[in-house]
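Data block below; observations after.
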Amino acid sequence: MTTTRTVISRNTDLSQQEYKWGFTTDVEEDVAPKGLNEGVVRLISSKKGEPEWMLEWRLRAYRHWLTLKREEPTWAMIHHPPIDFDDIHYYAAPKTKDGPKSMEEVDPEMLKAFDKLGIPLAEREKLAGVAVDAIFDSVSVATTYQKALEKHGVIFCPISEAIRNHPELVRKYLGSVVPYSDNFYATLNSAVFSDGSFIYVPKGVRCPMELMTYFRINFADSGQFERTLIIADEGSYVSYLEGCTAPVRKTSQLHAAVVELIALDDAQIKYSTLQNWYPGDKEGKGGVYNFVTKRGKAQGRNSKISWTQVETGSAITWKYPSVILQGDNSVGEFYSVALVNNHQQADTGTKMTHIGKNTRSTIVAKGISAGHGESTYRGQVKIMPTATGAKNFTQCDSLLIGDKSAAHTMPYIEVRNSTARMEHEASTSKISDEQLFYVMQRGISNEDAHHMIVKGFCKSVFAELPFEFAVEAANLLKVSLEGAVA
Amino acid sequence: MTTTLTKHEQYLADFRVLEQAADGSAPAWLRQLRQEGMARFEQLGFPTARRGNEKWKYTNVAPIADAAFRYSASPKTSGVKTTALRRVAPWRKEWTTLVFVDGRYAPTLSSVPSDGGGLRVASLAEAFRTDEALIEQHLAKHAAFEDDGFAALNTAFLSDGAFIHAAGGDEHAPVHLLFVATDSTQPQVAYPRTLVVTERNTKLTLVETYVGLGDGAYFNDAVTEVVVGDGSAVDHYKVTLESANAFHVSMTRATVGQDALFSTTAFAKGGALARHDLHMALAGHGSSCKLNGLHLTAGREHIDNHVNIDHAAPYSQSYQYVKGILTGTSHAVYTGRVLIRKGAVKSNARQADKNLILSERAEVDTKPSMEIYCDDVKATHGATAGQIAEAEEQIFYMRSRGLDPKAAGALLIRGFVKEILDTVKLEPLRAFLDGVTDKALPEFQFEGFGDRDEQRER
């Protein structure tokens, strides 16, 4: 197995300071007119060839969204001009006749684009080990290794395909963790979601390879609303990776995704994210608004859901990957690194809801603020009266680099069971002069010393990432911090 | 007649009565302040625990809003005897003591030295005449009522309370402000108000006690403002021993000057619903504040500690340590916010909230948050809830030494409490609080594993 491969970019040239994934791809796109109305929802549904029940579901969500009167939630510590929901293309897809049947039919421009991003869509021998679903604007371009996975009974396909081919699974689970009325952006997503990944791992199967989805926003003024649904049946295991980039654009783009995970008895889901959407320029112009609802339900006994995220991109990040610990003895984990530089803002964290007996959760959140960046950890640990013997450990640390940065911690802890054990720790500080002095007196430059210490600060989170992702995450961190140290 | 008035109208009617009664004697600026308070209360009303109201997320004040409290501008203070007060409140002859009965100053029960040196202690009603300029300069300047209905209401009824002005040195005797609520058949409301101003390099020990004499329902809506002058130290104690059916809502605002220290210890037991809103503004270079808190809740009691610390100056230090023990179906809330502003370099903030839940149906909600806009600082917080983490091991250890489960549990709880009580520097007060805790502790026992052991033995 080659170790030189990088998942996000094969050419991570650290001397280059700008966002390197910012190119646009010139492909002909099929675009819905700007704005949101019932017609657009119907158009998306018909473009996808969806059955009637799916359209009904979307319309229910759309009608609910109308009742919200376009009032975005304001409780997070983020600031942005109001979003004009009529100035967004809710559907953009590369033009193809019927959808590619094999790799040969995929537009070479697009293959080139993903190749440039370091995402090999051609199934090559030496790159075996990761199956990729590549999503370009609103549609899935290609999914690799589907045949190999089929042998094990694992279903890994675009969700639009799953709606057509596995309606019984989709109908049962879609919206069961994040209902369409959950929150403003989840409702919007439920109405207009275009594509995303669907994974079903059957009973007792350990998924033989890592599954990955790569998201790319290409078209200007388009929003990406993907929907991911992962079901791990009894006793199964799956590790899923997610990566994302977008071109450099002067105006901001909206990305509002919904991810639902369901783990049945003894099942395990490991979900890793490297989020590298375009963060905007140094003055804070442009960049992706990443407003995402991610939630897992550890439904079965002894089930486990683990979220690991490295958030370095996006102008604004607003996401709280959560776990509902419903099954007895179920486990929820959240490991996060959120880095903000220049004018980026992040309000991120998790929610652990303990319902079952002896449920356990661990939260490790590391926030790094540099430049004018503002990061907030916002988390909730809720121990319900039924959760006898529940345990939670939370640690959230923030590191400040530069006197214009800000870091906030907002934990909500609600305990309703006396046998629960809940511990929460948090700290905020800058890199200590002693640490810097120690490293620099070994002949290491100021900038490298900072990187080294930041890397060490994040180590406990990186350790949870699959190997290639961990290497890439460390590099990403370095690139994102570029210029933060004077 | 009162039954036909809606709840806000009753307050408004009482306000009009007060306005007429006090007309002439009160200075114009005070009358205007009251009117502003009333106007603001009419706009705000009582807070609701609706979605998005972060300050009141976990506390529902409907029991206060829905009740009809009677206000009396001149309550009778004659029924209260010093001997009765000594039984329920800390009491020392050498302390300067101001007693307030149902919100009104009771000179016969109080003991104020005629010459306090640099220390002046008086009722606000009296001080309006003697120290008007100083009061006007500070009153309601620290406890803003723009976004707080309770503070607005208190300000609307501002007519009496305590005034303390301390200057020159550290020879002052401790000052005790004792707010007594009498037992009455009809629920009453009182608006205790305190203004404390210390000049430069002054040391002051101040005890605020709220105590109920019966077990009737009443409502204390209190506001305390403390100005700590440069280089001064105020050692503040707040003892809340309200009766079982009482409501207590208080706002304490301390503004701390350069190199000054405001240290407060809060002890709370009793009260159907209590909300303590404490805001400490570290305004001066090198200023510090400290909070040690202990609350014991049983039955259906609800306590809400809302703490705000504002680091607005370089080298400011804050320290918070709040502990709670819960039994029955009681509910404890702690929301602590530490704000470190831009430029408040080399600041240090520590914050901890520990809860010991003894019964199955008690609830703890804690939100220790930090907002930090300055890089060169150190801030930490911690929170725990549940049975003491290693309770079972510790009890096992004690039992192996021959203690029965009950005694072992009690010893453990005693240790949990002691950590806070030991921080009380004022000796007579510590003895008093020790006594109160000793009396209360039999009610606070571990449910569960003691019995489990006994069952095993059988």
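Simple scheme: letters A, B, ... for chains in structure tokens order, numbers from 1 for residues in each chain, numbers from 1 for ligands in the order shown.
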Residues of chain A within 6 Å of chain B: nearest atom pair and distance (Å, one decimal) for each, counting only C-alpha atoms, sorted by chain and number, as a tab-separated table?
residue	atom	partner	partner_atom	distance
A:Leu400	CA	B:Asp375	CA	5.1
A:Asp403	CA	B:Asp375	CA	5.1
A:Ala406	CA	B:Tyr373	CA	4.3
A:Ala407	CA	B:Ile372	CA	5.2
A:His408	CA	B:Glu371	CA	4.3
A:Thr409	CA	B:Met370	CA	4.9
A:Met410	CA	B:Ser369	CA	4.5
A:Pro411	CA	B:Lys367	CA	5.4
A:Tyr412	CA	B:Lys367	CA	4.7
A:Ile413	CA	B:Thr366	CA	5.0
A:Glu414	CA	B:Asp365	CA	4.3
A:Val415	CA	B:Val364	CA	5.0
A:Arg416	CA	B:Glu363	CA	4.6
A:Asn417	CA	B:Glu360	CA	5.8
A:Ser418	CA	B:Ile357	CA	5.1
A:Thr419	CA	B:Gly386	CA	6.0
A:Ala420	CA	B:Gly386	CA	5.1
A:Arg421	CA	B:Gly386	CA	4.9
A:Met422	CA	B:Ala385	CA	5.2
A:Glu423	CA	B:Thr384	CA	4.5
A:His424	CA	B:Ala383	CA	5.0
A:Glu425	CA	B:Gly382	CA	4.3
A:Ala426	CA	B:His381	CA	5.2
A:Ser427	CA	B:Thr380	CA	4.0
A:Thr428	CA	B:Ala379	CA	5.0
A:Ser429	CA	B:Lys378	CA	4.8
A:Lys430	CA	B:Asp375	CA	5.6
Can I get the selection written as a PDB file, in the first residue's frame, with N, CA and C atoms?
ATOM      1  N   LEU A 400      -5.972  30.115  21.159  1.00  0.00           N
ATOM      2  CA  LEU A 400      -6.110  31.400  20.486  1.00  0.00           C
ATOM      3  C   LEU A 400      -4.768  31.803  19.899  1.00  0.00           C
ATOM      4  N   ASP A 403      -4.329  38.444  18.579  1.00  0.00           N
ATOM      5  CA  ASP A 403      -5.178  39.146  19.537  1.00  0.00           C
ATOM      6  C   ASP A 403      -6.523  39.570  18.968  1.00  0.00           C
ATOM      7  N   ALA A 406     -11.212  35.005  18.613  1.00  0.00           N
ATOM      8  CA  ALA A 406     -12.108  34.813  19.743  1.00  0.00           C
ATOM      9  C   ALA A 406     -12.505  33.347  19.844  1.00  0.00           C
ATOM     10  N   ALA A 407     -12.712  32.892  21.055  1.00  0.00           N
ATOM     11  CA  ALA A 407     -13.118  31.504  21.268  1.00  0.00           C
ATOM     12  C   ALA A 407     -14.149  31.450  22.372  1.00  0.00           C
ATOM     13  N   HIS A 408     -15.208  30.701  22.124  1.00  0.00           N
ATOM     14  CA  HIS A 408     -16.290  30.613  23.107  1.00  0.00           C
ATOM     15  C   HIS A 408     -16.632  29.156  23.402  1.00  0.00           C
ATOM     16  N   THR A 409     -17.124  28.937  24.578  1.00  0.00           N
ATOM     17  CA  THR A 409     -17.531  27.587  24.959  1.00  0.00           C
ATOM     18  C   THR A 409     -18.918  27.661  25.571  1.00  0.00           C
ATOM     19  N   MET A 410     -19.845  26.927  25.024  1.00  0.00           N
ATOM     20  CA  MET A 410     -21.238  26.974  25.501  1.00  0.00           C
ATOM     21  C   MET A 410     -21.760  25.567  25.740  1.00  0.00           C
ATOM     22  N   PRO A 411     -21.396  24.971  26.814  1.00  0.00           N
ATOM     23  CA  PRO A 411     -21.921  23.632  27.044  1.00  0.00           C
ATOM     24  C   PRO A 411     -23.255  23.668  27.802  1.00  0.00           C
ATOM     25  N   TYR A 412     -24.178  22.847  27.402  1.00  0.00           N
ATOM     26  CA  TYR A 412     -25.448  22.703  28.114  1.00  0.00           C
ATOM     27  C   TYR A 412     -25.454  21.304  28.696  1.00  0.00           C
ATOM     28  N   ILE A 413     -25.580  21.211  30.004  1.00  0.00           N
ATOM     29  CA  ILE A 413     -25.536  19.904  30.634  1.00  0.00           C
ATOM     30  C   ILE A 413     -26.823  19.714  31.420  1.00  0.00           C
ATOM     31  N   GLU A 414     -27.566  18.692  31.090  1.00  0.00           N
ATOM     32  CA  GLU A 414     -28.848  18.456  31.747  1.00  0.00           C
ATOM     33  C   GLU A 414     -28.872  17.031  32.276  1.00  0.00           C
ATOM     34  N   VAL A 415     -28.887  16.901  33.583  1.00  0.00           N
ATOM     35  CA  VAL A 415     -28.799  15.575  34.185  1.00  0.00           C
ATOM     36  C   VAL A 415     -30.074  15.278  34.949  1.00  0.00           C
ATOM     37  N   ARG A 416     -30.741  14.190  34.597  1.00  0.00           N
ATOM     38  CA  ARG A 416     -31.990  13.832  35.275  1.00  0.00           C
ATOM     39  C   ARG A 416     -31.925  12.432  35.855  1.00  0.00           C
ATOM     40  N   ASN A 417     -30.738  11.956  36.108  1.00  0.00           N
ATOM     41  CA  ASN A 417     -30.642  10.644  36.722  1.00  0.00           C
ATOM     42  C   ASN A 417     -29.487  10.658  37.709  1.00  0.00           C
ATOM     43  N   SER A 418     -29.769  10.229  38.928  1.00  0.00           N
ATOM     44  CA  SER A 418     -28.766  10.383  39.980  1.00  0.00           C
ATOM     45  C   SER A 418     -27.594   9.430  39.818  1.00  0.00           C
ATOM     46  N   THR A 419     -27.787   8.339  39.086  1.00  0.00           N
ATOM     47  CA  THR A 419     -26.683   7.394  38.947  1.00  0.00           C
ATOM     48  C   THR A 419     -25.736   7.815  37.827  1.00  0.00           C
ATOM     49  N   ALA A 420     -26.090   8.891  37.146  1.00  0.00           N
ATOM     50  CA  ALA A 420     -25.260   9.332  36.028  1.00  0.00           C
ATOM     51  C   ALA A 420     -23.940   9.904  36.533  1.00  0.00           C
ATOM     52  N   ARG A 421     -22.980   9.828  35.685  1.00  0.00           N
ATOM     53  CA  ARG A 421     -21.703  10.440  36.000  1.00  0.00           C
ATOM     54  C   ARG A 421     -21.346  11.342  34.838  1.00  0.00           C
ATOM     55  N   MET A 422     -21.253  12.608  35.122  1.00  0.00           N
ATOM     56  CA  MET A 422     -21.050  13.552  34.050  1.00  0.00           C
ATOM     57  C   MET A 422     -19.859  14.425  34.419  1.00  0.00           C
ATOM     58  N   GLU A 423     -18.900  14.466  33.545  1.00  0.00           N
ATOM     59  CA  GLU A 423     -17.742  15.316  33.813  1.00  0.00           C
ATOM     60  C   GLU A 423     -17.471  16.192  32.612  1.00  0.00           C
ATOM     61  N   HIS A 424     -17.227  17.422  32.880  1.00  0.00           N
ATOM     62  CA  HIS A 424     -16.990  18.368  31.796  1.00  0.00           C
ATOM     63  C   HIS A 424     -15.781  19.230  32.144  1.00  0.00           C
ATOM     64  N   GLU A 425     -14.892  19.356  31.194  1.00  0.00           N
ATOM     65  CA  GLU A 425     -13.718  20.201  31.417  1.00  0.00           C
ATOM     66  C   GLU A 425     -13.516  21.059  30.195  1.00  0.00           C
ATOM     67  N   ALA A 426     -13.067  22.254  30.404  1.00  0.00           N
ATOM     68  CA  ALA A 426     -12.756  23.087  29.256  1.00  0.00           C
ATOM     69  C   ALA A 426     -11.669  24.074  29.614  1.00  0.00           C
ATOM     70  N   SER A 427     -10.913  24.455  28.620  1.00  0.00           N
ATOM     71  CA  SER A 427      -9.893  25.466  28.873  1.00  0.00           C
ATOM     72  C   SER A 427      -9.712  26.315  27.624  1.00  0.00           C
ATOM     73  N   THR A 428      -9.292  27.519  27.822  1.00  0.00           N
ATOM     74  CA  THR A 428      -8.987  28.403  26.708  1.00  0.00           C
ATOM     75  C   THR A 428      -7.688  29.117  27.021  1.00  0.00           C
ATOM     76  N   SER A 429      -6.781  29.108  26.096  1.00  0.00           N
ATOM     77  CA  SER A 429      -5.540  29.857  26.322  1.00  0.00           C
ATOM     78  C   SER A 429      -4.834  30.040  24.991  1.00  0.00           C
ATOM     79  N   LYS A 430      -3.740  30.770  25.012  1.00  0.00           N
ATOM     80  CA  LYS A 430      -2.925  30.848  23.811  1.00  0.00           C
ATOM     81  C   LYS A 430      -1.773  29.863  23.974  1.00  0.00           C
TER      82      LYS A 430
END
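Per DSSP on the backbone, strand (DSSP E or B) in range 78-123 of chain B comprises Thr96, Thr97, Leu98, Val99, Phe100, Val101, Arg104, Tyr105, Ser111, Leu119, Arg120, Val121, Ala122 and Ser123 of chain B.
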Would you save the residues from that selection as a PDB file, in the first residue's frame, using N, CA and C atoms?
ATOM      1  N   THR B  96     -22.672  45.698  63.146  1.00  0.00           N
ATOM      2  CA  THR B  96     -23.654  46.731  62.846  1.00  0.00           C
ATOM      3  C   THR B  96     -24.793  46.029  62.107  1.00  0.00           C
ATOM      4  N   THR B  97     -25.975  46.071  62.676  1.00  0.00           N
ATOM      5  CA  THR B  97     -27.056  45.290  62.087  1.00  0.00           C
ATOM      6  C   THR B  97     -28.222  46.189  61.672  1.00  0.00           C
ATOM      7  N   LEU B  98     -28.650  46.018  60.446  1.00  0.00           N
ATOM      8  CA  LEU B  98     -29.869  46.695  59.995  1.00  0.00           C
ATOM      9  C   LEU B  98     -30.907  45.616  59.753  1.00  0.00           C
ATOM     10  N   VAL B  99     -32.051  45.756  60.377  1.00  0.00           N
ATOM     11  CA  VAL B  99     -33.108  44.765  60.170  1.00  0.00           C
ATOM     12  C   VAL B  99     -34.225  45.390  59.341  1.00  0.00           C
ATOM     13  N   PHE B 100     -34.674  44.640  58.363  1.00  0.00           N
ATOM     14  CA  PHE B 100     -35.785  45.088  57.526  1.00  0.00           C
ATOM     15  C   PHE B 100     -36.908  44.071  57.644  1.00  0.00           C
ATOM     16  N   VAL B 101     -38.089  44.552  57.977  1.00  0.00           N
ATOM     17  CA  VAL B 101     -39.224  43.641  58.095  1.00  0.00           C
ATOM     18  C   VAL B 101     -40.139  43.881  56.903  1.00  0.00           C
ATOM     19  N   ARG B 104     -39.258  46.939  54.968  1.00  0.00           N
ATOM     20  CA  ARG B 104     -39.208  48.255  55.586  1.00  0.00           C
ATOM     21  C   ARG B 104     -38.225  48.234  56.751  1.00  0.00           C
ATOM     22  N   TYR B 105     -37.443  49.301  56.885  1.00  0.00           N
ATOM     23  CA  TYR B 105     -36.425  49.384  57.923  1.00  0.00           C
ATOM     24  C   TYR B 105     -37.068  49.392  59.313  1.00  0.00           C
ATOM     25  N   SER B 111     -29.124  47.758  65.212  1.00  0.00           N
ATOM     26  CA  SER B 111     -28.160  48.425  66.074  1.00  0.00           C
ATOM     27  C   SER B 111     -27.094  49.078  65.206  1.00  0.00           C
ATOM     28  N   LEU B 119     -17.297  54.615  58.435  1.00  0.00           N
ATOM     29  CA  LEU B 119     -18.369  53.749  57.970  1.00  0.00           C
ATOM     30  C   LEU B 119     -19.725  54.371  58.250  1.00  0.00           C
ATOM     31  N   ARG B 120     -20.502  54.529  57.214  1.00  0.00           N
ATOM     32  CA  ARG B 120     -21.836  55.070  57.421  1.00  0.00           C
ATOM     33  C   ARG B 120     -22.843  54.022  56.967  1.00  0.00           C
ATOM     34  N   VAL B 121     -23.726  53.658  57.893  1.00  0.00           N
ATOM     35  CA  VAL B 121     -24.745  52.664  57.593  1.00  0.00           C
ATOM     36  C   VAL B 121     -26.092  53.259  57.928  1.00  0.00           C
ATOM     37  N   ALA B 122     -27.007  53.236  56.996  1.00  0.00           N
ATOM     38  CA  ALA B 122     -28.323  53.821  57.247  1.00  0.00           C
ATOM     39  C   ALA B 122     -29.359  53.180  56.337  1.00  0.00           C
ATOM     40  N   SER B 123     -30.599  53.427  56.647  1.00  0.00           N
ATOM     41  CA  SER B 123     -31.635  52.963  55.722  1.00  0.00           C
ATOM     42  C   SER B 123     -31.630  53.912  54.526  1.00  0.00           C
TER      43      SER B 123
END
Can you tell me, as a ChimeraX atom specification, what residues are no more than 7 Å from Ile88 in chain A when counting only C-alpha atoms, ignoring any on the same chain fewer than 2 positions away?
/A:34-35,85-86,90,221-223
Atoms to include: N, CA and C atoms. Write the selected residues as a compact mmCIF listing (two decimals), in the first residue's frame.
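Saved the output as part_6.txt:
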# COMPACT_ATOMS: atom_id res chain seq x y z
N LYS A 34 -33.35 30.23 -10.66
CA LYS A 34 -33.16 30.67 -9.28
C LYS A 34 -34.48 30.74 -8.54
N GLY A 35 -34.41 30.55 -7.25
CA GLY A 35 -35.60 30.72 -6.43
C GLY A 35 -36.21 29.40 -6.02
N PHE A 85 -33.01 33.57 -0.18
CA PHE A 85 -33.30 32.22 -0.63
C PHE A 85 -33.86 32.19 -2.05
N ASP A 86 -34.12 33.37 -2.63
CA ASP A 86 -34.59 33.41 -4.01
C ASP A 86 -33.45 33.62 -4.99
N TYR A 90 -31.44 25.89 -6.90
CA TYR A 90 -31.59 24.73 -6.03
C TYR A 90 -31.24 23.42 -6.73
N ASP A 221 -23.57 30.46 -7.62
CA ASP A 221 -24.88 30.77 -7.04
C ASP A 221 -25.75 29.53 -6.82
N SER A 222 -25.13 28.38 -6.79
CA SER A 222 -25.95 27.20 -6.54
C SER A 222 -25.75 26.81 -5.09
N GLY A 223 -26.75 26.17 -4.56
CA GLY A 223 -26.62 25.64 -3.20
C GLY A 223 -26.47 24.15 -3.32
Can you tell me which residues surround range 14-20 of chain B at a distance of at most 7 Å, considering only C-alpha atoms, apart from same-chain residues fewer than 6 positions away, and format the answer as a ChimeraX atom specification?
/B:71,73,157
Under the rule of at most 12 Å, produce a per-residue listing of range 345-437 of chain B near range 168-176 of chain B: chain, number, name, the closest pair of atoms, and the distance in Å, as JSON lines, using only C-alpha atoms.
{"residue": "B:Lys425", "atom": "CA", "partner": "B:Pro174", "partner_atom": "CA", "distance": 11.5}
{"residue": "B:Leu426", "atom": "CA", "partner": "B:Pro174", "partner_atom": "CA", "distance": 8.7}
{"residue": "B:Glu427", "atom": "CA", "partner": "B:Pro174", "partner_atom": "CA", "distance": 11.3}
{"residue": "B:Pro428", "atom": "CA", "partner": "B:Pro174", "partner_atom": "CA", "distance": 10.9}
{"residue": "B:Leu429", "atom": "CA", "partner": "B:His176", "partner_atom": "CA", "distance": 10.5}
Based on the selection just made, write C-alpha atoms of those residues as an mmCIF file, in the first residue's frame.
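Final file, result_4.cif:
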data_model
loop_
_atom_site.group_PDB
_atom_site.id
_atom_site.type_symbol
_atom_site.label_atom_id
_atom_site.label_comp_id
_atom_site.auth_asym_id
_atom_site.auth_seq_id
_atom_site.Cartn_x
_atom_site.Cartn_y
_atom_site.Cartn_z
ATOM 1 C CA LYS B 425 -13.754 33.849 57.022
ATOM 2 C CA LEU B 426 -16.208 35.470 59.391
ATOM 3 C CA GLU B 427 -16.021 33.062 62.334
ATOM 4 C CA PRO B 428 -19.472 33.552 63.932
ATOM 5 C CA LEU B 429 -21.100 33.239 60.522
#
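The nearest approach to Asn183 in chain A among the residues A:Phe469, A:Phe334, A:Phe437, A:Trp65, with only C-alpha atoms taken into account, belongs to A:Trp65.
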If we count only C-alpha atoms, what is near His276 in chain B at a cut-off of 10 Å, once residues fewer than 4 positions away on the same chain are taken out, given as a list in words?
Ala222, Thr240, His248, Val249, Ser250, Met251, Thr252, Ala266, Ala268, Ile303, Asp304, Asn305, His306, Val307 and Tyr334 of chain B
Would you write out those residues with C-alpha atoms, as a compact mmCIF listing (two decimals), in the first residue's frame?
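What ended up in part.txt:
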# COMPACT_ATOMS: atom_id res chain seq x y z
CA ALA B 222 -34.15 42.09 45.78
CA THR B 240 -30.67 32.80 51.89
CA HIS B 248 -36.74 34.77 46.02
CA VAL B 249 -35.45 36.62 43.00
CA SER B 250 -32.36 38.72 43.44
CA MET B 251 -29.94 40.66 41.36
CA THR B 252 -26.50 41.48 42.68
CA ALA B 266 -23.51 32.39 48.77
CA ALA B 268 -28.85 28.94 50.04
CA ILE B 303 -32.74 27.12 42.55
CA ASP B 304 -31.22 29.02 39.67
CA ASN B 305 -27.76 30.53 39.94
CA HIS B 306 -27.08 32.88 37.09
CA VAL B 307 -23.54 34.21 37.21
CA TYR B 334 -26.31 26.97 37.12
Please identify all polymer residues within 12 Å of Phe145 in chain B, counting only C-alpha atoms, omitting same-chain residues fewer than 6 positions from it, and present them as a list in words.
Leu33, Arg34, Glu36, Gly37, Met38, Ala39, Arg40, Phe41, Gln43, Leu44, Gly45, Leu139, Ala151, Ala152, Leu153, Asn154, Thr155, Ala156, Val223, Met251, Thr252 and Arg253 of chain B
Go ahead and save the residues from that selection, with C-alpha atoms, as a PDB file, in the first residue's frame.
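Final file, again33.pdb:
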ATOM      1  CA  LEU B  33     -36.329  56.557  38.288  1.00  0.00           C
ATOM      2  CA  ARG B  34     -39.291  54.732  39.779  1.00  0.00           C
ATOM      3  CA  GLU B  36     -38.902  54.506  34.433  1.00  0.00           C
ATOM      4  CA  GLY B  37     -38.750  51.219  36.334  1.00  0.00           C
ATOM      5  CA  MET B  38     -42.506  50.821  36.228  1.00  0.00           C
ATOM      6  CA  ALA B  39     -42.692  51.730  32.560  1.00  0.00           C
ATOM      7  CA  ARG B  40     -40.019  49.170  31.773  1.00  0.00           C
ATOM      8  CA  PHE B  41     -41.746  46.511  33.834  1.00  0.00           C
ATOM      9  CA  GLN B  43     -43.185  46.551  28.730  1.00  0.00           C
ATOM     10  CA  LEU B  44     -41.163  43.533  29.832  1.00  0.00           C
ATOM     11  CA  GLY B  45     -43.439  41.815  32.322  1.00  0.00           C
ATOM     12  CA  LEU B 139     -28.204  54.055  42.529  1.00  0.00           C
ATOM     13  CA  ALA B 151     -35.052  44.525  38.492  1.00  0.00           C
ATOM     14  CA  ALA B 152     -37.406  46.984  36.815  1.00  0.00           C
ATOM     15  CA  LEU B 153     -40.107  46.107  39.316  1.00  0.00           C
ATOM     16  CA  ASN B 154     -37.739  46.507  42.235  1.00  0.00           C
ATOM     17  CA  THR B 155     -36.701  49.910  40.907  1.00  0.00           C
ATOM     18  CA  ALA B 156     -40.321  50.953  40.525  1.00  0.00           C
ATOM     19  CA  VAL B 223     -31.491  44.212  44.126  1.00  0.00           C
ATOM     20  CA  MET B 251     -29.944  40.665  41.356  1.00  0.00           C
ATOM     21  CA  THR B 252     -26.503  41.480  42.681  1.00  0.00           C
ATOM     22  CA  ARG B 253     -24.228  43.786  40.751  1.00  0.00           C
TER      23      ARG B 253
END
Which polymer residues have any atom within 10 Å of an atom of Tyr180 in chain A, counting only C-alpha atoms, with same-chain residues fewer than 4 positions away left out, as a list of chain:residue names?
A:Trp57, A:Arg58, A:Arg60, A:Ala61, A:Tyr62, A:His64, A:Trp65, A:Leu174, A:Gly175, A:Ser176, A:Phe184, A:Tyr185, A:Ala186, A:Thr187, A:Leu188, A:Asn189, A:Ser190, A:Ala191, A:Val258
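Those residues of range 412-441 of chain B that DSSP, working from the backbone, places in alpha helix (DSSP H) are B:Leu412, B:Ile413, B:Arg414, B:Gly415, B:Phe416, B:Val417, B:Lys418, B:Glu419, B:Ile420, B:Leu421, B:Glu427, B:Pro428, B:Leu429, B:Arg430, B:Ala431, B:Phe432, B:Leu433, B:Asp434, B:Gly435, B:Val436, B:Thr437, B:Asp438, B:Lys439, B:Ala440.
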Given the selection you just returned, output its residues as a file containing C-alpha atoms, formatted as a PDB file, in the first residue's frame.
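Output (selection_27.pdb):
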ATOM      1  CA  LEU B 412     -19.023  11.891  52.492  1.00  0.00           C
ATOM      2  CA  ILE B 413     -21.691  14.569  52.152  1.00  0.00           C
ATOM      3  CA  ARG B 414     -20.214  16.467  55.071  1.00  0.00           C
ATOM      4  CA  GLY B 415     -16.885  16.530  53.256  1.00  0.00           C
ATOM      5  CA  PHE B 416     -18.542  17.774  50.075  1.00  0.00           C
ATOM      6  CA  VAL B 417     -20.148  20.664  51.959  1.00  0.00           C
ATOM      7  CA  LYS B 418     -17.176  21.537  54.098  1.00  0.00           C
ATOM      8  CA  GLU B 419     -15.061  22.644  51.187  1.00  0.00           C
ATOM      9  CA  ILE B 420     -17.303  25.664  50.693  1.00  0.00           C
ATOM     10  CA  LEU B 421     -18.165  26.354  54.338  1.00  0.00           C
ATOM     11  CA  GLU B 427     -16.021  33.062  62.334  1.00  0.00           C
ATOM     12  CA  PRO B 428     -19.472  33.552  63.932  1.00  0.00           C
ATOM     13  CA  LEU B 429     -21.100  33.239  60.522  1.00  0.00           C
ATOM     14  CA  ARG B 430     -19.254  30.034  59.776  1.00  0.00           C
ATOM     15  CA  ALA B 431     -20.411  28.580  63.082  1.00  0.00           C
ATOM     16  CA  PHE B 432     -23.964  29.569  62.256  1.00  0.00           C
ATOM     17  CA  LEU B 433     -23.816  28.016  58.781  1.00  0.00           C
ATOM     18  CA  ASP B 434     -22.240  24.862  60.182  1.00  0.00           C
ATOM     19  CA  GLY B 435     -25.199  24.619  62.505  1.00  0.00           C
ATOM     20  CA  VAL B 436     -27.724  25.136  59.703  1.00  0.00           C
ATOM     21  CA  THR B 437     -26.029  22.482  57.598  1.00  0.00           C
ATOM     22  CA  ASP B 438     -25.799  20.011  60.464  1.00  0.00           C
ATOM     23  CA  LYS B 439     -29.492  20.378  61.044  1.00  0.00           C
ATOM     24  CA  ALA B 440     -30.295  19.968  57.365  1.00  0.00           C
TER      25      ALA B 440
END
